$ cat work_0.pdb   # PDB, C-alpha atoms
ATOM      1  CA  MET A  27     -64.505  88.057 -45.465
ATOM      2  CA  ALA A  28     -63.191  88.633 -41.959
ATOM      3  CA  THR A  29     -64.734  86.908 -38.955
ATOM      4  CA  LEU A  30     -65.214  88.510 -35.545
ATOM      5  CA  LEU A  31     -65.645  86.177 -32.574
ATOM      6  CA  HIS A  32     -67.654  88.136 -29.995
ATOM      7  CA  ILE A  33     -67.761  86.677 -26.489
ATOM      8  CA  ASP A  34     -69.876  88.092 -23.659
ATOM      9  CA  SER A  35     -69.751  86.829 -20.083
ATOM     10  CA  SER A  36     -71.724  89.366 -18.057
ATOM     11  CA  VAL A  37     -74.714  87.899 -16.224
ATOM     12  CA  PHE A  38     -76.680  91.094 -16.935
ATOM     13  CA  PRO A  39     -78.445  92.146 -20.153
ATOM     14  CA  THR A  40     -76.979  94.900 -22.316
ATOM     15  CA  GLU A  41     -79.018  97.702 -20.744
ATOM     16  CA  ALA A  42     -77.687  96.795 -17.284
ATOM     17  CA  SER A  43     -74.172  95.684 -18.182
ATOM     18  CA  ALA A  44     -71.198  97.994 -18.650
ATOM     19  CA  SER A  45     -69.175  95.391 -20.528
ATOM     20  CA  ARG A  46     -72.044  94.430 -22.849
ATOM     21  CA  ALA A  47     -72.766  98.077 -23.657
ATOM     22  CA  VAL A  48     -69.189  98.500 -24.849
ATOM     23  CA  THR A  49     -68.943  95.180 -26.705
ATOM     24  CA  ASP A  50     -72.223  96.079 -28.388
ATOM     25  CA  ALA A  51     -70.774  99.433 -29.510
ATOM     26  CA  PHE A  52     -67.690  97.655 -30.847
ATOM     27  CA  ARG A  53     -69.737  95.062 -32.705
ATOM     28  CA  ARG A  54     -72.137  97.598 -34.247
ATOM     29  CA  THR A  55     -69.255  99.700 -35.542
ATOM     30  CA  TRP A  56     -67.533  96.583 -36.884
ATOM     31  CA  GLN A  57     -70.680  95.590 -38.799
ATOM     32  CA  GLU A  58     -71.188  99.108 -40.141
ATOM     33  CA  GLN A  59     -67.623  99.199 -41.419
ATOM     34  CA  HIS A  60     -67.512  95.599 -42.599
ATOM     35  CA  PRO A  61     -71.097  94.528 -43.454
ATOM     36  CA  GLU A  62     -69.917  91.604 -45.567
ATOM     37  CA  GLY A  63     -67.977  90.174 -42.631
ATOM     38  CA  THR A  64     -69.104  87.457 -40.226
ATOM     39  CA  VAL A  65     -69.846  87.850 -36.518
ATOM     40  CA  ILE A  66     -70.026  84.816 -34.247
ATOM     41  CA  HIS A  67     -71.594  85.779 -30.926
ATOM     42  CA  ARG A  68     -71.023  83.430 -28.010
ATOM     43  CA  ASP A  69     -72.957  84.437 -24.896
ATOM     44  CA  LEU A  70     -71.429  82.509 -22.021
ATOM     45  CA  ALA A  71     -74.089  83.682 -19.566
ATOM     46  CA  THR A  72     -77.015  82.213 -21.490
ATOM     47  CA  ASP A  73     -75.142  79.378 -23.171
ATOM     48  CA  PRO A  74     -72.166  78.403 -20.984
ATOM     49  CA  VAL A  75     -69.541  75.976 -22.191
ATOM     50  CA  PRO A  76     -68.653  72.935 -20.072
ATOM     51  CA  HIS A  77     -66.186  73.504 -17.298
ATOM     52  CA  ILE A  78     -63.042  71.510 -17.898
ATOM     53  CA  SER A  79     -63.370  67.911 -16.757
ATOM     54  CA  ALA A  80     -60.817  65.217 -16.033
ATOM     55  CA  HIS A  81     -61.732  63.567 -19.341
ATOM     56  CA  ALA A  82     -61.316  66.804 -21.310
ATOM     57  CA  HIS A  83     -58.075  67.669 -19.534
ATOM     58  CA  THR A  84     -56.339  64.316 -19.876
ATOM     59  CA  ALA A  85     -57.454  63.969 -23.503
ATOM     60  CA  GLY A  86     -55.477  67.089 -24.311
ATOM     61  CA  PHE A  87     -52.240  65.360 -23.301
ATOM     62  CA  SER A  88     -52.745  61.968 -24.887
ATOM     63  CA  ASP A  89     -52.923  60.367 -28.320
ATOM     64  CA  PRO A  90     -56.489  60.592 -29.710
ATOM     65  CA  ALA A  91     -56.188  56.951 -30.753
ATOM     66  CA  THR A  92     -56.050  56.011 -27.060
ATOM     67  CA  HIS A  93     -59.014  58.115 -25.913
ATOM     68  CA  THR A  94     -61.859  56.474 -24.079
ATOM     69  CA  PRO A  95     -65.386  57.294 -25.326
ATOM     70  CA  GLU A  96     -65.695  59.807 -22.470
ATOM     71  CA  GLN A  97     -62.406  61.466 -23.375
ATOM     72  CA  ALA A  98     -63.316  61.585 -27.050
ATOM     73  CA  ALA A  99     -66.649  63.285 -26.357
ATOM     74  CA  ALA A 100     -65.143  65.824 -23.974
ATOM     75  CA  PHE A 101     -62.214  66.559 -26.268
ATOM     76  CA  ALA A 102     -64.521  67.026 -29.263
ATOM     77  CA  GLU A 103     -66.161  69.931 -27.418
ATOM     78  CA  ARG A 104     -62.765  71.501 -26.755
ATOM     79  CA  VAL A 105     -61.782  71.117 -30.408
ATOM     80  CA  ARG A 106     -65.041  72.753 -31.525
ATOM     81  CA  LEU A 107     -64.308  75.823 -29.376
ATOM     82  CA  ILE A 108     -60.659  75.906 -30.433
ATOM     83  CA  GLU A 109     -61.529  75.732 -34.128
ATOM     84  CA  GLU A 110     -64.025  78.557 -33.664
ATOM     85  CA  LEU A 111     -61.267  80.652 -32.122
ATOM     86  CA  GLU A 112     -58.752  79.703 -34.810
ATOM     87  CA  ARG A 113     -61.137  80.732 -37.589
ATOM     88  CA  ALA A 114     -61.594  84.199 -36.088
ATOM     89  CA  ASP A 115     -59.701  87.101 -37.641
ATOM     90  CA  ALA A 116     -60.414  89.206 -34.540
ATOM     91  CA  VAL A 117     -61.793  88.453 -31.076
ATOM     92  CA  LEU A 118     -63.879  90.668 -28.783
ATOM     93  CA  ILE A 119     -64.304  89.626 -25.139
ATOM     94  CA  GLY A 120     -66.518  91.167 -22.472
ATOM     95  CA  ALA A 121     -64.798  90.481 -19.139
ATOM     96  CA  PRO A 122     -66.479  92.199 -16.188
ATOM     97  CA  MET A 123     -64.755  91.975 -12.819
ATOM     98  CA  TYR A 124     -66.654  89.743 -10.383
ATOM     99  CA  ASN A 125     -65.109  89.392  -6.935
ATOM    100  CA  LEU A 126     -61.788  90.694  -8.262
ATOM    101  CA  THR A 127     -61.520  88.332 -11.234
ATOM    102  CA  ILE A 128     -63.304  87.168 -14.394
ATOM    103  CA  PRO A 129     -66.654  85.315 -14.445
ATOM    104  CA  SER A 130     -66.328  81.545 -14.052
ATOM    105  CA  THR A 131     -68.012  81.072 -17.432
ATOM    106  CA  LEU A 132     -65.198  82.957 -19.151
ATOM    107  CA  LYS A 133     -62.627  80.972 -17.195
ATOM    108  CA  ALA A 134     -64.328  77.787 -18.423
ATOM    109  CA  TRP A 135     -64.047  78.966 -22.038
ATOM    110  CA  LEU A 136     -60.364  79.779 -21.563
ATOM    111  CA  ASP A 137     -59.687  76.413 -19.934
ATOM    112  CA  ASN A 138     -61.168  74.737 -23.011
ATOM    113  CA  VAL A 139     -59.340  76.753 -25.672
ATOM    114  CA  VAL A 140     -55.915  76.854 -24.013
ATOM    115  CA  LEU A 141     -54.355  73.653 -25.326
ATOM    116  CA  PHE A 142     -50.602  73.248 -25.123
ATOM    117  CA  GLY A 143     -49.214  71.906 -28.350
ATOM    118  CA  ARG A 144     -51.899  73.702 -30.358
ATOM    119  CA  THR A 145     -53.098  77.116 -29.186
ATOM    120  CA  ALA A 146     -50.486  77.486 -26.443
ATOM    121  CA  GLY A 147     -46.827  76.645 -26.081
ATOM    122  CA  ALA A 148     -44.532  76.512 -29.092
ATOM    123  CA  ALA A 149     -47.354  76.192 -31.643
ATOM    124  CA  GLN A 150     -49.654  79.140 -30.761
ATOM    125  CA  SER A 151     -52.149  78.584 -33.588
ATOM    126  CA  VAL A 152     -53.854  81.941 -32.876
ATOM    127  CA  LYS A 153     -50.629  83.925 -32.540
ATOM    128  CA  GLY A 154     -51.027  87.520 -33.686
ATOM    129  CA  THR A 155     -54.825  87.463 -33.679
ATOM    130  CA  PRO A 156     -56.114  90.846 -32.461
ATOM    131  CA  VAL A 157     -58.054  90.389 -29.213
ATOM    132  CA  THR A 158     -59.905  93.300 -27.602
ATOM    133  CA  VAL A 159     -61.002  92.800 -23.995
ATOM    134  CA  ILE A 160     -63.622  95.028 -22.371
ATOM    135  CA  ALA A 161     -62.528  94.789 -18.731
ATOM    136  CA  SER A 162     -65.241  96.629 -16.809
ATOM    137  CA  ARG A 163     -65.100  97.010 -13.036
ATOM    138  CA  GLY A 164     -67.140  98.616 -10.269
ATOM    139  CA  GLY A 165     -64.270 100.714  -8.934
ATOM    140  CA  SER A 166     -60.755 101.535 -10.053
ATOM    141  CA  TYR A 167     -57.777  99.198  -9.839
ATOM    142  CA  GLY A 168     -55.229 101.028 -11.971
ATOM    143  CA  PRO A 169     -51.639 101.879 -11.043
ATOM    144  CA  GLY A 170     -51.465 104.208  -8.069
ATOM    145  CA  THR A 171     -54.977 103.449  -6.799
ATOM    146  CA  PRO A 172     -55.557 101.973  -3.314
ATOM    147  CA  ARG A 173     -56.732  98.688  -4.870
ATOM    148  CA  GLU A 174     -53.986  98.302  -7.433
ATOM    149  CA  GLY A 175     -52.849  95.083  -5.781
ATOM    150  CA  TYR A 176     -56.295  93.538  -6.296
ATOM    151  CA  GLU A 177     -56.199  93.755 -10.092
ATOM    152  CA  TYR A 178     -56.577  90.136 -11.180
ATOM    153  CA  VAL A 179     -58.403  90.624 -14.486
ATOM    154  CA  GLN A 180     -55.964  92.388 -16.782
ATOM    155  CA  ASN A 181     -52.956  90.693 -15.203
ATOM    156  CA  TYR A 182     -54.484  87.245 -15.612
ATOM    157  CA  LEU A 183     -55.840  87.786 -19.122
ATOM    158  CA  SER A 184     -52.531  89.282 -20.260
ATOM    159  CA  ALA A 185     -50.751  86.125 -19.119
ATOM    160  CA  ILE A 186     -53.241  83.799 -20.808
ATOM    161  CA  LEU A 187     -54.097  85.657 -24.010
ATOM    162  CA  ALA A 188     -50.835  87.459 -24.767
ATOM    163  CA  ASP A 189     -48.195  85.219 -23.195
ATOM    164  CA  PHE A 190     -49.742  81.764 -23.588
ATOM    165  CA  LEU A 191     -51.682  82.261 -26.843
ATOM    166  CA  GLY A 192     -49.571  84.988 -28.413
ATOM    167  CA  ALA A 193     -52.582  87.204 -29.195
ATOM    168  CA  ASP A 194     -52.253  90.882 -30.104
ATOM    169  CA  LEU A 195     -54.029  92.051 -26.950
ATOM    170  CA  ASP A 196     -55.733  95.361 -26.213
ATOM    171  CA  PHE A 197     -57.810  96.390 -23.185
ATOM    172  CA  ILE A 198     -60.651  98.883 -22.897
ATOM    173  CA  VAL A 199     -61.459  99.538 -19.222
ATOM    174  CA  PRO A 200     -64.775 101.117 -18.145
ATOM    175  CA  GLU A 201     -64.387 101.971 -14.441
ATOM    176  CA  PHE A 202     -66.545 103.011 -11.476
ATOM    177  CA  THR A 203     -69.548 101.147 -12.893
ATOM    178  CA  MET A 204     -71.059 100.758  -9.407
ATOM    179  CA  ALA A 205     -71.144 104.518  -8.840
ATOM    180  CA  PRO A 206     -74.683 105.062 -10.228
ATOM    181  CA  VAL A 207     -76.186 102.384  -7.946
ATOM    182  CA  ASN A 208     -74.062 102.647  -4.796
ATOM    183  CA  PRO A 209     -74.910 105.708  -2.667
ATOM    184  CA  GLU A 210     -71.453 105.591  -1.068
ATOM    185  CA  MET A 211     -69.943 106.166  -4.518
ATOM    186  CA  ALA A 212     -72.250 109.016  -5.550
ATOM    187  CA  ASP A 213     -69.393 111.509  -5.786
ATOM    188  CA  LEU A 214     -67.711 109.222  -8.335
ATOM    189  CA  VAL A 215     -70.576 109.320 -10.842
ATOM    190  CA  PRO A 216     -68.817 111.956 -13.002
ATOM    191  CA  LEU A 217     -65.762 109.705 -13.194
ATOM    192  CA  PHE A 218     -67.983 106.782 -14.179
ATOM    193  CA  GLU A 219     -69.676 108.811 -16.894
ATOM    194  CA  ALA A 220     -66.351 110.002 -18.290
ATOM    195  CA  SER A 221     -64.953 106.475 -18.219
ATOM    196  CA  ARG A 222     -68.045 105.077 -19.945
ATOM    197  CA  GLU A 223     -67.911 107.653 -22.748
ATOM    198  CA  ARG A 224     -64.198 107.090 -23.209
ATOM    199  CA  ALA A 225     -64.717 103.306 -23.395
ATOM    200  CA  LEU A 226     -67.501 103.643 -25.965
ATOM    201  CA  GLU A 227     -65.347 105.921 -28.093
ATOM    202  CA  GLU A 228     -62.344 103.621 -27.820
ATOM    203  CA  ALA A 229     -64.495 100.624 -28.782
ATOM    204  CA  ALA A 230     -65.859 102.353 -31.879
ATOM    205  CA  THR A 231     -62.409 103.543 -32.931
ATOM    206  CA  LYS A 232     -60.795 100.145 -32.399
ATOM    207  CA  ALA A 233     -63.583  98.323 -34.242
ATOM    208  CA  LYS A 234     -63.363 100.701 -37.185
ATOM    209  CA  GLN A 235     -59.606 100.339 -37.424
ATOM    210  CA  LEU A 236     -59.720  96.548 -37.232
ATOM    211  CA  ALA A 237     -62.562  96.201 -39.731
ATOM    212  CA  GLN A 238     -60.797  98.432 -42.249
ATOM    213  CA  ARG A 239     -57.488  96.645 -41.751
ATOM    214  CA  LEU A 240     -58.943  93.166 -42.145
ATOM    215  CA  ALA A 241     -61.088  94.146 -45.110
ATOM    216  CA  ALA A 242     -58.097  95.542 -47.004
TER     217      ALA A 242
END
$ encode --input "work_0.pdb" --output "structure tokens"
Amino acid sequence: MATLLHIDSSVFPTEASASRAVTDAFRRTWQEQHPEGTVIHRDLATDPVPHISAHAHTAGFSDPATHTPEQAAAFAERVRLIEELERADAVLIGAPMYNLTIPSTLKAWLDNVVLFGRTAGAAQSVKGTPVTVIASRGGSYGPGTPREGYEYVQNYLSAILADFLGADLDFIVPEFTMAPVNPEMADLVPLFEASRERALEEAATKAKQLAQRLAA
């Protein structure tokens, strides 16, 4: 049975979050297509993981036999998160753009699971794992837009997930999510609605394809 690791990081509930609405659509389609599969849902907003500490960081570059009690405890938490990622056959990540980049809770999770010599570097224990990122944002930061140079979500996550970890990475990007609540963006509401529908469709299609492929 295939396992989907579903990670949300939006601070808002599903009904108020663009990224959660799309990850929810992905997950529901996955479960419909693959009901015997397993879904592990990690909500980093309600249950954040520890930010990387000196003990956790240094433990990753030293022999476990030499770890202090503090290093051992901190490293055990990293290993738990890494093993959860390694067991996943597919990963779904909700990554809304906050102040031009990802939420700090998602950064904390990445800092824990990126371990050179295991998940990153020459080893890449999760290499080839399909990872779908829902990269929602209030405006538009795509090529040719005025804010193209401020795109620090897809660029960063591509470097970490694809280059460092070797994941098979795919992005779904709901845009203009602030249009319905910002009067200055009222004329962009149609673009938001089109982007939302496209993202929901892409999520359902991707989930169906992955579930069928992994169940085969």
$ closest_atom_pairs --input "work_0.pdb" --of "segment 92-175 of chain A" --to "segment 74-83 of chain A" --cutoff "6 Å" --atoms "only C-alpha atoms" --output "tab-separated table"
residue	atom	partner	partner_atom	distance
A:Gln97	CA	A:His81	CA	4.6
A:Ala100	CA	A:Ala82	CA	4.8
A:Phe101	CA	A:Ala82	CA	5.0
A:Ala134	CA	A:His77	CA	4.8
$ closest_atom_pairs --input "work_0.pdb" --of "segment 51-140 of chain A" --to "segment 167-188 of chain A" --cutoff "10 Å" --atoms "only C-alpha atoms" --output "CSV"
residue,atom,partner,partner_atom,distance
A:Ala121,CA,A:Val179,CA,7.9
A:Pro122,CA,A:Val179,CA,8.4
A:Met123,CA,A:Val179,CA,6.7
A:Tyr124,CA,A:Val179,CA,9.3
A:Asn125,CA,A:Tyr178,CA,9.6
A:Leu126,CA,A:Tyr178,CA,6.0
A:Thr127,CA,A:Val179,CA,5.1
A:Ile128,CA,A:Val179,CA,6.0
A:Pro129,CA,A:Val179,CA,9.8
A:Lys133,CA,A:Leu183,CA,9.8
A:Leu136,CA,A:Ile186,CA,8.2
A:Asp137,CA,A:Ile186,CA,9.8
A:Val140,CA,A:Ile186,CA,8.1
$ resolve_selection --input "work_0.pdb" --expression "the PyMOL selection byres ((chain A and resi 141) around 12)" --output "number ranges by chain"
A: 78, 82-88, 101, 104-105, 107-109, 111, 135-140, 142-152, 186, 190-191
$ residues_around --input "work_0.pdb" --residues "Leu30 of chain A" --least-positions-apart "5" --cutoff "10 Å" --atoms "all atoms listed in the file" --output "list in words"
Arg53, Trp56, Gln57, Gly63, Thr64, Val65, Ile66, His67, Leu111, Arg113, Ala114, Asp115, Ala116, Val117, Leu118, Pro156, Val157, Leu236 and Ala237 of chain A
$ atom_distance --input "work_0.pdb" --atom1 "atom CA of Lys153 of chain A" --atom2 "atom CA of Asp194 of chain A"
7.5 Å
$ closest_residue --input "work_0.pdb" --among "A:Ala193, A:Glu62, A:Ala47, A:Asp73" --to "Glu223 of chain A" --atoms "only C-alpha atoms"
A:Ala47
$ resolve_selection --input "work_0.pdb" --expression "the PyMOL selection byres ((chain A and resi 198-206) around 6)" --output "compact mmCIF listing (two decimals) with C-alpha atoms, in the coordinates of the input"
# COMPACT_ATOMS: atom_id res chain seq x y z
CA ILE A 160 -63.62 95.03 -22.37
CA ALA A 161 -62.53 94.79 -18.73
CA SER A 162 -65.24 96.63 -16.81
CA ARG A 163 -65.10 97.01 -13.04
CA GLY A 164 -67.14 98.62 -10.27
CA GLY A 165 -64.27 100.71 -8.93
CA SER A 166 -60.76 101.54 -10.05
CA PHE A 197 -57.81 96.39 -23.18
CA VAL A 207 -76.19 102.38 -7.95
CA ASN A 208 -74.06 102.65 -4.80
CA MET A 211 -69.94 106.17 -4.52
CA ALA A 212 -72.25 109.02 -5.55
CA LEU A 214 -67.71 109.22 -8.34
CA VAL A 215 -70.58 109.32 -10.84
CA PHE A 218 -67.98 106.78 -14.18
CA SER A 221 -64.95 106.48 -18.22
CA ARG A 222 -68.04 105.08 -19.94
CA ALA A 225 -64.72 103.31 -23.40
$ axis_aligned_box --input "work_0.pdb" --around "segment 167-181 of chain A" --padding-each-side "8 Å" --output "JSON"
{"center_x": -54.9, "center_y": 97.2, "center_z": -10.0, "size_x": 22.9, "size_y": 30.1, "size_z": 29.5}
$ decode --input "work_0.pdb" --residues "segment 119-242 of chain A" --atoms "C-alpha atoms" --output "mmCIF file, in the first residue's frame"
data_model
loop_
_atom_site.group_PDB
_atom_site.id
_atom_site.type_symbol
_atom_site.label_atom_id
_atom_site.label_comp_id
_atom_site.auth_asym_id
_atom_site.auth_seq_id
_atom_site.Cartn_x
_atom_site.Cartn_y
_atom_site.Cartn_z
ATOM 1 C CA ILE A 119 3.277 20.115 0.565
ATOM 2 C CA GLY A 120 1.179 23.236 1.062
ATOM 3 C CA ALA A 121 3.581 26.183 0.789
ATOM 4 C CA PRO A 122 1.837 29.566 0.836
ATOM 5 C CA MET A 123 3.964 32.641 0.212
ATOM 6 C CA TYR A 124 4.388 34.752 3.356
ATOM 7 C CA ASN A 125 6.474 37.895 2.951
ATOM 8 C CA LEU A 126 7.929 36.544 -0.296
ATOM 9 C CA THR A 127 8.992 33.148 1.053
ATOM 10 C CA ILE A 128 7.719 30.005 2.791
ATOM 11 C CA PRO A 129 6.304 29.906 6.347
ATOM 12 C CA SER A 130 8.959 29.504 9.042
ATOM 13 C CA THR A 131 7.289 26.275 10.171
ATOM 14 C CA LEU A 132 7.919 24.706 6.769
ATOM 15 C CA LYS A 133 11.494 25.970 6.810
ATOM 16 C CA ALA A 134 11.920 24.298 10.212
ATOM 17 C CA TRP A 135 10.678 20.982 8.798
ATOM 18 C CA LEU A 136 13.072 21.255 5.858
ATOM 19 C CA ASP A 137 15.993 22.106 8.135
ATOM 20 C CA ASN A 138 15.282 18.912 10.076
ATOM 21 C CA VAL A 139 14.892 16.545 7.121
ATOM 22 C CA VAL A 140 17.769 17.855 4.999
ATOM 23 C CA LEU A 141 20.667 15.785 6.310
ATOM 24 C CA PHE A 142 23.811 15.542 4.227
ATOM 25 C CA GLY A 143 25.046 11.993 4.057
ATOM 26 C CA ARG A 144 21.490 10.652 4.228
ATOM 27 C CA THR A 145 18.707 12.593 2.510
ATOM 28 C CA ALA A 146 21.017 15.091 0.805
ATOM 29 C CA GLY A 147 24.392 14.925 -0.871
ATOM 30 C CA ALA A 148 25.613 11.742 -2.524
ATOM 31 C CA ALA A 149 23.151 9.462 -0.705
ATOM 32 C CA GLN A 150 19.759 11.131 -1.388
ATOM 33 C CA SER A 151 17.636 8.502 0.375
ATOM 34 C CA VAL A 152 14.410 10.032 -1.018
ATOM 35 C CA LYS A 153 15.705 10.447 -4.569
ATOM 36 C CA GLY A 154 12.952 10.086 -7.155
ATOM 37 C CA THR A 155 10.101 10.447 -4.671
ATOM 38 C CA PRO A 156 7.277 12.434 -6.303
ATOM 39 C CA VAL A 157 6.738 15.696 -4.408
ATOM 40 C CA THR A 158 3.857 18.026 -5.284
ATOM 41 C CA VAL A 159 4.059 21.548 -3.864
ATOM 42 C CA ILE A 160 1.017 23.829 -3.726
ATOM 43 C CA ALA A 161 2.730 27.225 -3.909
ATOM 44 C CA SER A 162 -0.082 29.727 -3.387
ATOM 45 C CA ARG A 163 0.550 33.469 -3.417
ATOM 46 C CA GLY A 164 -1.437 36.684 -3.072
ATOM 47 C CA GLY A 165 -0.280 38.130 -6.388
ATOM 48 C CA SER A 166 1.660 36.866 -9.374
ATOM 49 C CA TYR A 167 5.411 36.322 -9.488
ATOM 50 C CA GLY A 168 5.790 34.365 -12.716
ATOM 51 C CA PRO A 169 8.181 35.096 -15.582
ATOM 52 C CA GLY A 170 7.474 38.445 -17.189
ATOM 53 C CA THR A 171 5.528 39.869 -14.239
ATOM 54 C CA PRO A 172 6.700 43.027 -12.419
ATOM 55 C CA ARG A 173 7.521 40.966 -9.310
ATOM 56 C CA GLU A 174 9.332 38.126 -11.018
ATOM 57 C CA GLY A 175 12.516 38.984 -9.145
ATOM 58 C CA TYR A 176 10.746 38.503 -5.805
ATOM 59 C CA GLU A 177 9.920 34.836 -6.384
ATOM 60 C CA TYR A 178 11.648 33.087 -3.489
ATOM 61 C CA VAL A 179 9.293 30.136 -2.994
ATOM 62 C CA GLN A 180 9.596 28.016 -6.117
ATOM 63 C CA ASN A 181 13.248 28.929 -6.612
ATOM 64 C CA TYR A 182 14.132 27.987 -3.045
ATOM 65 C CA LEU A 183 12.061 24.803 -2.912
ATOM 66 C CA SER A 184 13.424 23.675 -6.282
ATOM 67 C CA ALA A 185 16.956 23.985 -4.917
ATOM 68 C CA ILE A 186 16.159 22.112 -1.705
ATOM 69 C CA LEU A 187 13.716 19.443 -2.866
ATOM 70 C CA ALA A 188 14.932 18.753 -6.403
ATOM 71 C CA ASP A 189 18.639 19.585 -6.248
ATOM 72 C CA PHE A 190 19.516 18.660 -2.662
ATOM 73 C CA LEU A 191 17.079 15.771 -2.097
ATOM 74 C CA GLY A 192 16.684 14.583 -5.673
ATOM 75 C CA ALA A 193 12.870 14.552 -5.497
ATOM 76 C CA ASP A 194 10.666 14.370 -8.592
ATOM 77 C CA LEU A 195 9.228 17.849 -8.048
ATOM 78 C CA ASP A 196 6.038 19.392 -9.403
ATOM 79 C CA PHE A 197 4.433 22.750 -8.570
ATOM 80 C CA ILE A 198 0.791 23.802 -8.616
ATOM 81 C CA VAL A 199 0.512 27.594 -8.254
ATOM 82 C CA PRO A 200 -2.767 29.278 -7.225
ATOM 83 C CA GLU A 201 -2.254 33.023 -7.781
ATOM 84 C CA PHE A 202 -3.941 36.329 -6.910
ATOM 85 C CA THR A 203 -5.359 34.862 -3.695
ATOM 86 C CA MET A 204 -5.565 38.328 -2.104
ATOM 87 C CA ALA A 205 -7.837 39.642 -4.858
ATOM 88 C CA PRO A 206 -11.144 38.735 -3.127
ATOM 89 C CA VAL A 207 -10.174 40.570 0.087
ATOM 90 C CA ASN A 208 -8.086 43.490 -1.185
ATOM 91 C CA PRO A 209 -10.194 46.259 -2.771
ATOM 92 C CA GLU A 210 -7.170 47.464 -4.754
ATOM 93 C CA MET A 211 -7.071 44.070 -6.482
ATOM 94 C CA ALA A 212 -10.792 43.855 -7.264
ATOM 95 C CA ASP A 213 -10.207 43.849 -11.018
ATOM 96 C CA LEU A 214 -8.029 40.745 -10.595
ATOM 97 C CA VAL A 215 -10.773 38.595 -9.062
ATOM 98 C CA PRO A 216 -11.498 36.847 -12.398
ATOM 99 C CA LEU A 217 -7.824 35.917 -12.665
ATOM 100 C CA PHE A 218 -7.906 34.585 -9.107
ATOM 101 C CA GLU A 219 -10.993 32.505 -9.814
ATOM 102 C CA ALA A 220 -9.481 31.064 -12.987
ATOM 103 C CA SER A 221 -6.226 30.293 -11.194
ATOM 104 C CA ARG A 222 -8.062 28.628 -8.306
ATOM 105 C CA GLU A 223 -10.115 26.397 -10.611
ATOM 106 C CA ARG A 224 -7.036 25.478 -12.611
ATOM 107 C CA ALA A 225 -5.132 24.591 -9.416
ATOM 108 C CA LEU A 226 -7.975 22.419 -8.123
ATOM 109 C CA GLU A 227 -8.171 20.592 -11.437
ATOM 110 C CA GLU A 228 -4.413 20.111 -11.591
ATOM 111 C CA ALA A 229 -4.392 18.780 -8.019
ATOM 112 C CA ALA A 230 -7.120 16.236 -8.745
ATOM 113 C CA THR A 231 -5.444 15.118 -11.964
ATOM 114 C CA LYS A 232 -2.011 14.803 -10.366
ATOM 115 C CA ALA A 233 -3.377 12.909 -7.361
ATOM 116 C CA LYS A 234 -5.271 10.493 -9.585
ATOM 117 C CA GLN A 235 -2.239 9.827 -11.744
ATOM 118 C CA LEU A 236 0.054 9.267 -8.769
ATOM 119 C CA ALA A 237 -2.396 7.034 -6.912
ATOM 120 C CA GLN A 238 -2.938 4.855 -9.977
ATOM 121 C CA ARG A 239 0.781 4.667 -10.696
ATOM 122 C CA LEU A 240 1.744 3.726 -7.151
ATOM 123 C CA ALA A 241 -1.090 1.236 -6.794
ATOM 124 C CA ALA A 242 -0.058 -0.618 -9.954
#
